[in-house]
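**Q** Following this message is one structure expressed as structure tokens.
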Amino acid sequence: MAISEGRRVNRRTCLAGMAAAGVAFSLPGSASAQTSSQRLSMPPLLDATKSRRFSLRAQAGETNFLNRSASNTFGFNQAYLGPVIRVTHGETEATVENALNRPVSTHWHGLLIPGEVDGGPHQPVLAGETWRVTLPIMQPSATAWYHSHIHEQTAEQVHAGLAGVLQITDGRDDERGLPSTYGTDDLTLVVQDRRFDRRGRMTYSRGMHESMVGFLGDTVVVNGQIGSVAVVPAGIVRLRLLNGSNARVYRFSMASGRELHMVATDAGLLPAPLALKDITLAPGERIEILVDFSGTDADSLLSASVSNTPMMGGMMGGGGGSFDVQKFEVDPGLIPRIATLPTGIGEALPDLDPTGAVQRQFTLDMGMGGGMMGRRGGGFSINGQPFDMSHINVAAKRGQTELWQVSAPMMMHPFHVHGTRFQVLSENGQPSAAQNRGWKDTVLIDGQAELLMRFDQPAPNHAPYMYHCHILEHEDAGMMGQFSVS
Ligand code: C2O
Ligand code: CU
Ligand code: CU
């Protein structure tokens with residue numbers, strides 16, 4: 001899919017060039033006041049750092065994205081998406097009630113916790129039931145997330161809204177000089193792409209094209225809002241970005257050319273801010289960046305159109321054109337709490353020792369023979385084995401370092417491993433890209449990468465961890481495996 005010359009459109013944030021994918025390309029209404037003036041709101045904050053407990057309720061609701069017809073959506077504690085849950089070290093009790101008419105689960109993507117409480121496909125919460133677990137949280141500060149993870153239903157359920165952000169905090173951001181005022185200088189942005197029908201209702205479909213490349217929308221939705229404006233102080237603002245899309249890969253930059261100062265990757269903070277012109281974010285990945293909004297009154301977070309199809313051979317780049325993801329307006333009345341970039345944050349880069357690591361190879365297969373279009377097991381597999389709930393693919397040992405060599409021969413696949421955080425040791429035989437040097441739990445494999453990791457938590461055969469492609473249609477179709485840790 002060659003994404004054609006992008007055009008940035010005002011007011012409504014539309015992805016350019018979707019016509020090439022056979023998707024109706026919705027043009028903006030001239031001045032749809034309802035969307036242009038709307039201020040970006042944050043998900044509600046569920047702070048469990050003191051109470052050490054939180055409750056989620058998976059429920060159905062209606063969301064009116066375009067101020068036309070309402071869409072049927074799912075959410076946790078609200079109509080669409082869920083709260084930002086803030087947790088700290090120690091044991092936290094989580095309660096998940098399922099008020100929907102189908103099984104759901106809540107996988108804590110990025111939490112380093114035992115397989116028994118991981119919330120994957122082996123821990124469904126049946127309709128009407130409640131799941132209570134204790135999460136033993138011991139890991140460093142990070143922006144994680146949670147989402148439903150029912151085998152063959154993940155794509156549809158996450159698309160409908162069963163996802164939210166989870167912050168692990170140690171309360172020391174002031175010492176580090178990092179902004180931490182929720183919704184003011186510390187913003188959470190859940191970035192998704194969606195499609196809407198003529199009446200403005202969100203639609204999901206999985207035809208042949210979506211089965212192959214994953215679901216791609218033509219409209220950017222941030223925190224469930226379209227075309228909103230984030231109001232920020234004229235200082236340092238922290239953006240916690242989650243790519244909560246089913247399949248779209250973003251490459252973010254600022255319209256002004258202002259640098260993105262990366263301070264955290266998926267699984268933790270960096271030693272110091274790393275200035276980058278652009279950062280690629282694949283489904284499932286998170287990144288924390290600082291943007292300096294001093295000396296301007298407005299700016300925009302853009303994304304390039306990144307194409308990712310088997311026909312393109314999974315090449316990074318291509319496409320051309322960009323689209324607005326989030327507009328920002330500086331409010332001079334807001335006093336910036338942090339005016340200068342921190343020089344050091346003080347966290348360590350991954351430093352696992354590869355000596356004596358157990359080596360494993362994983363090839364993400366799409367089966368380019370006729371079966372690739374199939375919805376189930378049609379060639380989507382890892383090492384030729386489509387996901388099978390009753391088969392443990394890998395038996396790992398607790399405390400043992402492992403070196404996973406992952407290859408994606410057909411197109412780029414975001415590879416995620418549960419129950420650990422890893423170091424990207426190399427990409428295509430070269431040192432890993434600057435943006436991948438911190439701790440990760442999901443990484444976009446563009447060719448081949450070596451991941452170094454260790455499993456410190458147990459995962460018995462009846463509650464194994466998953467590893468999979470985070471293009472949700474690929475995961476559901478079988479590009480997933482499971483492993484035990486004993
Ligand atoms: Cu975010 Cu196994 O998933
Ligand atoms: Cu996960
Ligand atoms: Cu994939």
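Naming works like this for the structure tokens: A, B, ... for the chains as they're shown, residue 1 at the start of each chain, ligands 1 onward in shown order.
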Residues at most 7 Å from A:Arg248, counting only C-alpha atoms, excluding those fewer than 2 positions away in the same chain, as a list in words?
**A**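 Near neighbours after the sequence-gap exclusion: Leu216, Ser245, Asn246, Tyr250, Ala282 and Pro283 of chain A.
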**Q** Would you write out those residues with all heavy atoms, as a PDB file, in the first residue's frame?
**A**
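Resulting contents of part01.pdb:
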ATOM      1  N   LEU A 216      -6.616  -0.726   9.625  1.00  0.00           N
ATOM      2  CA  LEU A 216      -6.105   0.654   9.544  1.00  0.00           C
ATOM      3  C   LEU A 216      -7.287   1.605   9.413  1.00  0.00           C
ATOM      4  O   LEU A 216      -8.158   1.395   8.571  1.00  0.00           O
ATOM      5  CB  LEU A 216      -5.182   0.810   8.330  1.00  0.00           C
ATOM      6  CG  LEU A 216      -3.892  -0.030   8.354  1.00  0.00           C
ATOM      7  CD1 LEU A 216      -3.198   0.029   7.004  1.00  0.00           C
ATOM      8  CD2 LEU A 216      -2.962   0.465   9.460  1.00  0.00           C
ATOM      9  N   SER A 245      -3.355   1.579  18.725  1.00  0.00           N
ATOM     10  CA  SER A 245      -3.984   1.205  17.448  1.00  0.00           C
ATOM     11  C   SER A 245      -3.837  -0.292  17.231  1.00  0.00           C
ATOM     12  O   SER A 245      -2.927  -0.924  17.760  1.00  0.00           O
ATOM     13  CB  SER A 245      -3.301   1.935  16.287  1.00  0.00           C
ATOM     14  OG  SER A 245      -3.291   3.322  16.528  1.00  0.00           O
ATOM     15  N   ASN A 246      -4.718  -0.852  16.420  1.00  0.00           N
ATOM     16  CA  ASN A 246      -4.611  -2.282  16.132  1.00  0.00           C
ATOM     17  C   ASN A 246      -3.400  -2.588  15.268  1.00  0.00           C
ATOM     18  O   ASN A 246      -2.759  -3.611  15.455  1.00  0.00           O
ATOM     19  CB  ASN A 246      -5.877  -2.773  15.411  1.00  0.00           C
ATOM     20  CG  ASN A 246      -7.039  -2.960  16.369  1.00  0.00           C
ATOM     21  OD1 ASN A 246      -7.140  -2.270  17.379  1.00  0.00           O
ATOM     22  ND2 ASN A 246      -7.922  -3.890  16.062  1.00  0.00           N
ATOM     23  N   TYR A 250       3.164   4.644  13.710  1.00  0.00           N
ATOM     24  CA  TYR A 250       3.305   6.101  13.596  1.00  0.00           C
ATOM     25  C   TYR A 250       4.780   6.482  13.588  1.00  0.00           C
ATOM     26  O   TYR A 250       5.606   5.782  14.183  1.00  0.00           O
ATOM     27  CB  TYR A 250       2.617   6.807  14.778  1.00  0.00           C
ATOM     28  CG  TYR A 250       1.144   6.504  14.877  1.00  0.00           C
ATOM     29  CD1 TYR A 250       0.679   5.401  15.589  1.00  0.00           C
ATOM     30  CD2 TYR A 250       0.204   7.302  14.214  1.00  0.00           C
ATOM     31  CE1 TYR A 250      -0.677   5.098  15.649  1.00  0.00           C
ATOM     32  CE2 TYR A 250      -1.157   7.007  14.274  1.00  0.00           C
ATOM     33  CZ  TYR A 250      -1.590   5.907  14.986  1.00  0.00           C
ATOM     34  OH  TYR A 250      -2.933   5.601  15.039  1.00  0.00           O
ATOM     35  N   ALA A 282       5.165   1.716  17.306  1.00  0.00           N
ATOM     36  CA  ALA A 282       4.370   0.626  16.735  1.00  0.00           C
ATOM     37  C   ALA A 282       3.291   0.219  17.727  1.00  0.00           C
ATOM     38  O   ALA A 282       3.379   0.538  18.915  1.00  0.00           O
ATOM     39  CB  ALA A 282       5.288  -0.546  16.417  1.00  0.00           C
ATOM     40  N   PRO A 283       2.271  -0.493  17.288  1.00  0.00           N
ATOM     41  CA  PRO A 283       1.202  -0.899  18.205  1.00  0.00           C
ATOM     42  C   PRO A 283       1.744  -1.612  19.434  1.00  0.00           C
ATOM     43  O   PRO A 283       2.588  -2.502  19.335  1.00  0.00           O
ATOM     44  CB  PRO A 283       0.359  -1.852  17.339  1.00  0.00           C
ATOM     45  CG  PRO A 283       0.534  -1.347  15.955  1.00  0.00           C
ATOM     46  CD  PRO A 283       1.973  -0.887  15.894  1.00  0.00           C
TER      47      PRO A 283
END
**Q** Select from stretch 154-200 of chain A everything DSSP, run on the backbone, classes as strand (DSSP E), then give the selection as a list in words.
**A** Ala163, Gly164, Val165, Leu166, Gln167, Ile168, Asp186, Leu187, Thr188, Leu189, Val190, Val191, Gln192, Asp193, Arg194, Arg195 and Phe196 of chain A
**Q** Output the selection as a tab-separated table (two decimals), in the first residue's frame - all heavy atoms for each residue.
**A**
chain	number	residue	atom	x	y	z
A	163	ALA	N	-9.23	-0.90	26.66
A	163	ALA	CA	-7.81	-0.61	26.87
A	163	ALA	C	-7.67	0.65	27.72
A	163	ALA	O	-8.56	1.49	27.75
A	163	ALA	CB	-7.12	-0.40	25.52
A	164	GLY	N	-6.54	0.75	28.40
A	164	GLY	CA	-6.26	1.94	29.19
A	164	GLY	C	-4.78	1.98	29.57
A	164	GLY	O	-4.05	1.02	29.32
A	165	VAL	N	-4.38	3.08	30.17
A	165	VAL	CA	-2.96	3.27	30.51
A	165	VAL	C	-2.75	3.00	32.00
A	165	VAL	O	-3.63	3.25	32.83
A	165	VAL	CB	-2.51	4.70	30.13
A	165	VAL	CG1	-1.18	5.07	30.75
A	165	VAL	CG2	-2.45	4.83	28.61
A	166	LEU	N	-1.59	2.46	32.31
A	166	LEU	CA	-1.22	2.12	33.68
A	166	LEU	C	0.13	2.77	33.95
A	166	LEU	O	1.08	2.51	33.23
A	166	LEU	CB	-1.11	0.60	33.74
A	166	LEU	CG	-0.91	-0.09	35.05
A	166	LEU	CD1	-2.25	-0.28	35.74
A	166	LEU	CD2	-0.31	-1.46	34.81
A	167	GLN	N	0.19	3.63	34.96
A	167	GLN	CA	1.48	4.25	35.29
A	167	GLN	C	2.05	3.61	36.54
A	167	GLN	O	1.38	3.55	37.56
A	167	GLN	CB	1.32	5.74	35.58
A	167	GLN	CG	0.77	6.56	34.45
A	167	GLN	CD	0.61	8.02	34.88
A	167	GLN	OE1	0.77	8.37	36.05
A	167	GLN	NE2	0.27	8.87	33.92
A	168	ILE	N	3.31	3.19	36.44
A	168	ILE	CA	4.00	2.73	37.63
A	168	ILE	C	4.87	3.91	38.06
A	168	ILE	O	5.64	4.43	37.26
A	168	ILE	CB	4.89	1.51	37.35
A	168	ILE	CG1	4.03	0.38	36.76
A	168	ILE	CG2	5.61	1.04	38.61
A	168	ILE	CD1	4.56	-0.16	35.48
A	186	ASP	N	1.84	16.88	32.38
A	186	ASP	CA	2.08	15.44	32.22
A	186	ASP	C	0.83	14.87	31.54
A	186	ASP	O	-0.19	14.63	32.18
A	186	ASP	CB	2.30	14.82	33.61
A	186	ASP	CG	2.58	13.33	33.57
A	186	ASP	OD1	2.55	12.72	32.48
A	186	ASP	OD2	2.83	12.75	34.65
A	187	LEU	N	0.94	14.73	30.22
A	187	LEU	CA	-0.24	14.35	29.43
A	187	LEU	C	-0.13	12.91	28.94
A	187	LEU	O	0.93	12.46	28.51
A	187	LEU	CB	-0.40	15.27	28.21
A	187	LEU	CG	-0.41	16.78	28.45
A	187	LEU	CD1	-0.74	17.51	27.15
A	187	LEU	CD2	-1.42	17.16	29.52
A	188	THR	N	-1.24	12.21	29.04
A	188	THR	CA	-1.33	10.85	28.51
A	188	THR	C	-2.09	10.90	27.19
A	188	THR	O	-3.19	11.47	27.13
A	188	THR	CB	-2.09	9.96	29.52
A	188	THR	OG1	-1.30	9.86	30.70
A	188	THR	CG2	-2.34	8.57	28.96
A	189	LEU	N	-1.49	10.34	26.15
A	189	LEU	CA	-2.13	10.36	24.83
A	189	LEU	C	-2.25	8.93	24.31
A	189	LEU	O	-1.24	8.30	23.97
A	189	LEU	CB	-1.31	11.19	23.83
A	189	LEU	CG	-1.56	12.70	23.74
A	189	LEU	CD1	-1.31	13.43	25.03
A	189	LEU	CD2	-0.69	13.30	22.64
A	190	VAL	N	-3.47	8.44	24.26
A	190	VAL	CA	-3.72	7.11	23.68
A	190	VAL	C	-4.06	7.34	22.21
A	190	VAL	O	-5.11	7.90	21.89
A	190	VAL	CB	-4.88	6.40	24.40
A	190	VAL	CG1	-5.12	5.02	23.77
A	190	VAL	CG2	-4.61	6.28	25.89
A	191	VAL	N	-3.15	6.95	21.35
A	191	VAL	CA	-3.30	7.26	19.91
A	191	VAL	C	-3.86	6.04	19.18
A	191	VAL	O	-3.29	4.95	19.25
A	191	VAL	CB	-1.94	7.67	19.31
A	191	VAL	CG1	-2.10	8.04	17.84
A	191	VAL	CG2	-1.34	8.84	20.09
A	192	GLN	N	-4.97	6.26	18.51
A	192	GLN	CA	-5.61	5.18	17.76
A	192	GLN	C	-6.10	5.71	16.42
A	192	GLN	O	-6.32	6.91	16.27
A	192	GLN	CB	-6.82	4.64	18.54
A	192	GLN	CG	-6.43	4.11	19.93
A	192	GLN	CD	-7.62	3.65	20.73
A	192	GLN	OE1	-8.59	4.37	20.92
A	192	GLN	NE2	-7.54	2.42	21.22
A	193	ASP	N	-6.26	4.81	15.47
A	193	ASP	CA	-6.87	5.20	14.19
A	193	ASP	C	-8.16	4.42	14.02
A	193	ASP	O	-8.23	3.24	14.34
A	193	ASP	CB	-5.91	4.97	13.02
A	193	ASP	CG	-5.43	3.53	12.90
A	193	ASP	OD1	-5.41	2.80	13.92
A	193	ASP	OD2	-5.08	3.12	11.78
A	194	ARG	N	-9.18	5.10	13.57
A	194	ARG	CA	-10.50	4.49	13.48
A	194	ARG	C	-11.16	4.89	12.17
A	194	ARG	O	-10.72	5.84	11.51
A	194	ARG	CB	-11.38	4.98	14.65
A	194	ARG	CG	-10.92	4.50	16.03
A	194	ARG	CD	-11.10	3.01	16.15
A	194	ARG	NE	-10.76	2.48	17.48
A	194	ARG	CZ	-9.62	1.88	17.79
A	194	ARG	NH1	-8.65	1.79	16.87
A	194	ARG	NH2	-9.42	1.38	18.98
A	195	ARG	N	-12.22	4.16	11.81
A	195	ARG	CA	-13.03	4.51	10.64
A	195	ARG	C	-14.46	4.75	11.10
A	195	ARG	O	-14.90	4.16	12.09
A	195	ARG	CB	-13.08	3.35	9.65
A	195	ARG	CG	-11.84	3.13	8.87
A	195	ARG	CD	-12.09	1.99	7.89
A	195	ARG	NE	-10.84	1.28	7.67
A	195	ARG	CZ	-10.76	0.07	7.15
A	195	ARG	NH1	-11.86	-0.58	6.80
A	195	ARG	NH2	-9.60	-0.49	6.96
A	196	PHE	N	-15.13	5.60	10.37
A	196	PHE	CA	-16.51	5.94	10.71
A	196	PHE	C	-17.38	5.81	9.48
A	196	PHE	O	-16.93	6.11	8.37
A	196	PHE	CB	-16.57	7.36	11.29
A	196	PHE	CG	-15.79	7.47	12.58
A	196	PHE	CD1	-14.43	7.81	12.55
A	196	PHE	CD2	-16.37	7.17	13.79
A	196	PHE	CE1	-13.69	7.87	13.73
A	196	PHE	CE2	-15.63	7.23	14.97
A	196	PHE	CZ	-14.29	7.57	14.94
**Q** Would you mind telling me which residue in A:Asn72, A:Thr420, A:Gln400, A:Gln448 lies nearest to ligand 2 when using only C-alpha atoms and all ligand atoms?
**A**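 Residue with the minimum atom-to-atom distance to ligand 2: A:Thr420.
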**Q** Write as a ChimeraX atom specification the residues around ligand 1, taking 10 Å as the cut-off and counting only C-alpha atoms and all ligand atoms.
**A** /A:106-110,118-121,144-151,154,158,163,244,283-285,415-419,441-442,465-472,475,480-482
**Q** Determine, counting only C-alpha atoms, which protein, DNA and RNA residues have an atom within 12 Å of an atom of A:Ala357; residues of the same chain fewer than 4 positions away are not included. Present the result as a ChimeraX atom specification.
**A** /A:352-353,396-397,399-405,450-455
**Q** Would you mind exporting the chosen residues as a compact mmCIF listing (two decimals), in the first residue's frame, restricted to all heavy atoms?
**A**
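After the write, selection_29.txt holds the following:
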# COMPACT_ATOMS: atom_id res chain seq x y z
N LEU A 352 22.11 -6.33 30.53
CA LEU A 352 22.15 -7.79 30.74
C LEU A 352 23.40 -8.36 30.09
O LEU A 352 23.87 -7.86 29.08
CB LEU A 352 20.89 -8.43 30.14
CG LEU A 352 19.58 -8.12 30.87
CD1 LEU A 352 18.39 -8.65 30.08
CD2 LEU A 352 19.59 -8.72 32.27
N ASP A 353 23.90 -9.43 30.69
CA ASP A 353 25.11 -10.06 30.17
C ASP A 353 24.72 -11.23 29.27
O ASP A 353 24.10 -12.18 29.74
CB ASP A 353 25.95 -10.54 31.36
CG ASP A 353 27.25 -11.18 30.91
OD1 ASP A 353 27.50 -11.24 29.69
OD2 ASP A 353 28.01 -11.63 31.80
N ALA A 396 10.86 -21.96 29.73
CA ALA A 396 12.02 -21.16 30.14
C ALA A 396 12.29 -21.38 31.63
O ALA A 396 11.43 -21.82 32.38
CB ALA A 396 11.76 -19.69 29.85
N LYS A 397 13.52 -21.04 32.00
CA LYS A 397 13.92 -21.20 33.41
C LYS A 397 14.01 -19.83 34.07
O LYS A 397 14.54 -18.87 33.50
CB LYS A 397 15.29 -21.88 33.48
CG LYS A 397 15.22 -23.36 33.15
CD LYS A 397 14.87 -24.19 34.40
CE LYS A 397 14.39 -25.60 34.06
NZ LYS A 397 12.93 -25.78 34.01
N GLY A 399 15.30 -16.86 36.08
CA GLY A 399 16.63 -16.32 36.35
C GLY A 399 17.63 -16.55 35.23
O GLY A 399 18.76 -16.05 35.30
N GLN A 400 17.24 -17.28 34.21
CA GLN A 400 18.14 -17.58 33.10
C GLN A 400 18.06 -16.47 32.04
O GLN A 400 16.97 -16.07 31.66
CB GLN A 400 17.74 -18.93 32.48
CG GLN A 400 18.37 -19.27 31.15
CD GLN A 400 19.85 -19.61 31.26
OE1 GLN A 400 20.26 -20.41 32.10
NE2 GLN A 400 20.67 -18.95 30.44
N THR A 401 19.21 -16.00 31.59
CA THR A 401 19.20 -15.00 30.52
C THR A 401 18.98 -15.70 29.18
O THR A 401 19.51 -16.77 28.94
CB THR A 401 20.54 -14.24 30.52
OG1 THR A 401 20.72 -13.69 31.83
CG2 THR A 401 20.53 -13.12 29.51
N GLU A 402 18.17 -15.08 28.36
CA GLU A 402 17.86 -15.66 27.04
C GLU A 402 18.09 -14.63 25.95
O GLU A 402 17.83 -13.44 26.14
CB GLU A 402 16.39 -16.11 26.99
CG GLU A 402 16.02 -17.09 28.09
CD GLU A 402 15.07 -18.19 27.60
OE1 GLU A 402 14.63 -18.13 26.44
OE2 GLU A 402 14.80 -19.11 28.40
N LEU A 403 18.56 -15.11 24.83
CA LEU A 403 18.77 -14.25 23.67
C LEU A 403 17.82 -14.71 22.58
O LEU A 403 17.96 -15.82 22.06
CB LEU A 403 20.23 -14.36 23.19
CG LEU A 403 20.62 -13.51 21.99
CD1 LEU A 403 20.43 -12.03 22.28
CD2 LEU A 403 22.07 -13.78 21.61
N TRP A 404 16.85 -13.87 22.28
CA TRP A 404 15.85 -14.25 21.28
C TRP A 404 16.17 -13.52 19.97
O TRP A 404 16.27 -12.28 19.95
CB TRP A 404 14.44 -13.86 21.74
CG TRP A 404 13.90 -14.74 22.85
CD1 TRP A 404 14.62 -15.51 23.72
CD2 TRP A 404 12.51 -14.93 23.20
NE1 TRP A 404 13.77 -16.16 24.59
CE2 TRP A 404 12.48 -15.82 24.30
CE3 TRP A 404 11.31 -14.41 22.72
CZ2 TRP A 404 11.28 -16.21 24.90
CZ3 TRP A 404 10.12 -14.80 23.30
CH2 TRP A 404 10.11 -15.70 24.40
N GLN A 405 16.33 -14.32 18.94
CA GLN A 405 16.57 -13.74 17.62
C GLN A 405 15.24 -13.80 16.87
O GLN A 405 14.73 -14.89 16.60
CB GLN A 405 17.62 -14.57 16.92
CG GLN A 405 18.27 -13.85 15.78
CD GLN A 405 19.36 -14.71 15.18
OE1 GLN A 405 19.09 -15.56 14.35
NE2 GLN A 405 20.59 -14.51 15.63
N GLU A 450 17.86 -8.90 17.78
CA GLU A 450 18.24 -9.79 18.89
C GLU A 450 17.80 -9.14 20.18
O GLU A 450 18.16 -7.99 20.47
CB GLU A 450 19.75 -9.97 18.93
CG GLU A 450 20.30 -10.78 17.78
CD GLU A 450 21.80 -10.96 17.92
OE1 GLU A 450 22.52 -9.93 17.95
OE2 GLU A 450 22.25 -12.10 18.04
N LEU A 451 17.03 -9.89 20.98
CA LEU A 451 16.49 -9.37 22.23
C LEU A 451 17.06 -10.18 23.38
O LEU A 451 17.02 -11.41 23.36
CB LEU A 451 14.96 -9.49 22.23
CG LEU A 451 14.24 -9.03 20.95
CD1 LEU A 451 12.74 -9.26 21.08
CD2 LEU A 451 14.54 -7.56 20.65
N LEU A 452 17.58 -9.46 24.35
CA LEU A 452 18.20 -10.11 25.50
C LEU A 452 17.29 -9.89 26.71
O LEU A 452 16.90 -8.75 27.00
CB LEU A 452 19.56 -9.47 25.73
CG LEU A 452 20.55 -10.15 26.68
CD1 LEU A 452 20.86 -11.58 26.25
CD2 LEU A 452 21.84 -9.33 26.72
N MET A 453 16.93 -10.98 27.38
CA MET A 453 15.96 -10.86 28.48
C MET A 453 16.20 -11.92 29.53
O MET A 453 16.95 -12.87 29.33
CB MET A 453 14.54 -10.98 27.91
CG MET A 453 14.24 -12.34 27.32
SD MET A 453 12.73 -12.33 26.31
CE MET A 453 13.34 -11.87 24.70
N ARG A 454 15.48 -11.74 30.64
CA ARG A 454 15.55 -12.72 31.72
C ARG A 454 14.17 -12.76 32.35
O ARG A 454 13.50 -11.72 32.46
CB ARG A 454 16.59 -12.26 32.74
CG ARG A 454 16.98 -13.34 33.74
CD ARG A 454 17.99 -12.81 34.75
NE ARG A 454 17.40 -11.73 35.52
CZ ARG A 454 18.07 -10.65 35.93
NH1 ARG A 454 19.35 -10.50 35.66
NH2 ARG A 454 17.47 -9.71 36.63
N PHE A 455 13.74 -13.93 32.75
CA PHE A 455 12.42 -14.07 33.36
C PHE A 455 12.58 -14.27 34.85
O PHE A 455 13.20 -15.23 35.28
CB PHE A 455 11.66 -15.23 32.72
CG PHE A 455 11.61 -15.14 31.23
CD1 PHE A 455 12.34 -16.02 30.43
CD2 PHE A 455 10.88 -14.15 30.60
CE1 PHE A 455 12.32 -15.93 29.06
CE2 PHE A 455 10.86 -14.04 29.23
CZ PHE A 455 11.58 -14.93 28.45
**Q** Figure out the distance between atom CA of A:His413 and atom CA of A:Ala477, please, to one decimal in Å.
**A**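 Interatomic distance here is 13.6 Å.
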**Q** Write out as a list in words the residues lying within 10 Å of A:Leu46, counting only C-alpha atoms and excluding same-chain residues fewer than 3 positions away.
**A**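 Answer for this query is Pro43, Thr49, Arg53, Phe54, Ser55, Leu56, Gly82, Pro83, Val84, Ile85, Arg86, Val87, Leu166 and Gln167 of chain A.
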**Q** Using only C-alpha atoms, which residues sit within 10 Å of stretch 338-344 of chain A once same-chain residues fewer than 2 positions away are excluded, as a list in words?
**A** Asp174, Glu175, Arg176, Gly177, Leu178, Pro179, Ser180, Asp185, Pro233, Ala234, Gly235, Ile236, Val237, His261, Val263, Leu270, Pro271, Ala272, Pro273, Leu274, Leu290, Val291, Asp292, Phe293, Ser294, Ile335, Pro336, Gly346 and Glu347 of chain A
**Q** Quick one: of A:Gln359, A:Thr95, A:Asn64, A:Ser105, who's nearest to ligand 2, counting only C-alpha atoms and all ligand atoms?
**A**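 For ligand 2, the nearest of the given residues is A:Ser105.
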**Q** So which residues touch stretch 200-214 of chain A within 9 Å, counting only C-alpha atoms, skipping near sequence neighbours fewer than 4 positions away, as a PyMOL selection string?
**A** chain A and resi 21+63-73+156+159-160+194-196+246-248+308-310+366+372-375+411+471-474+477
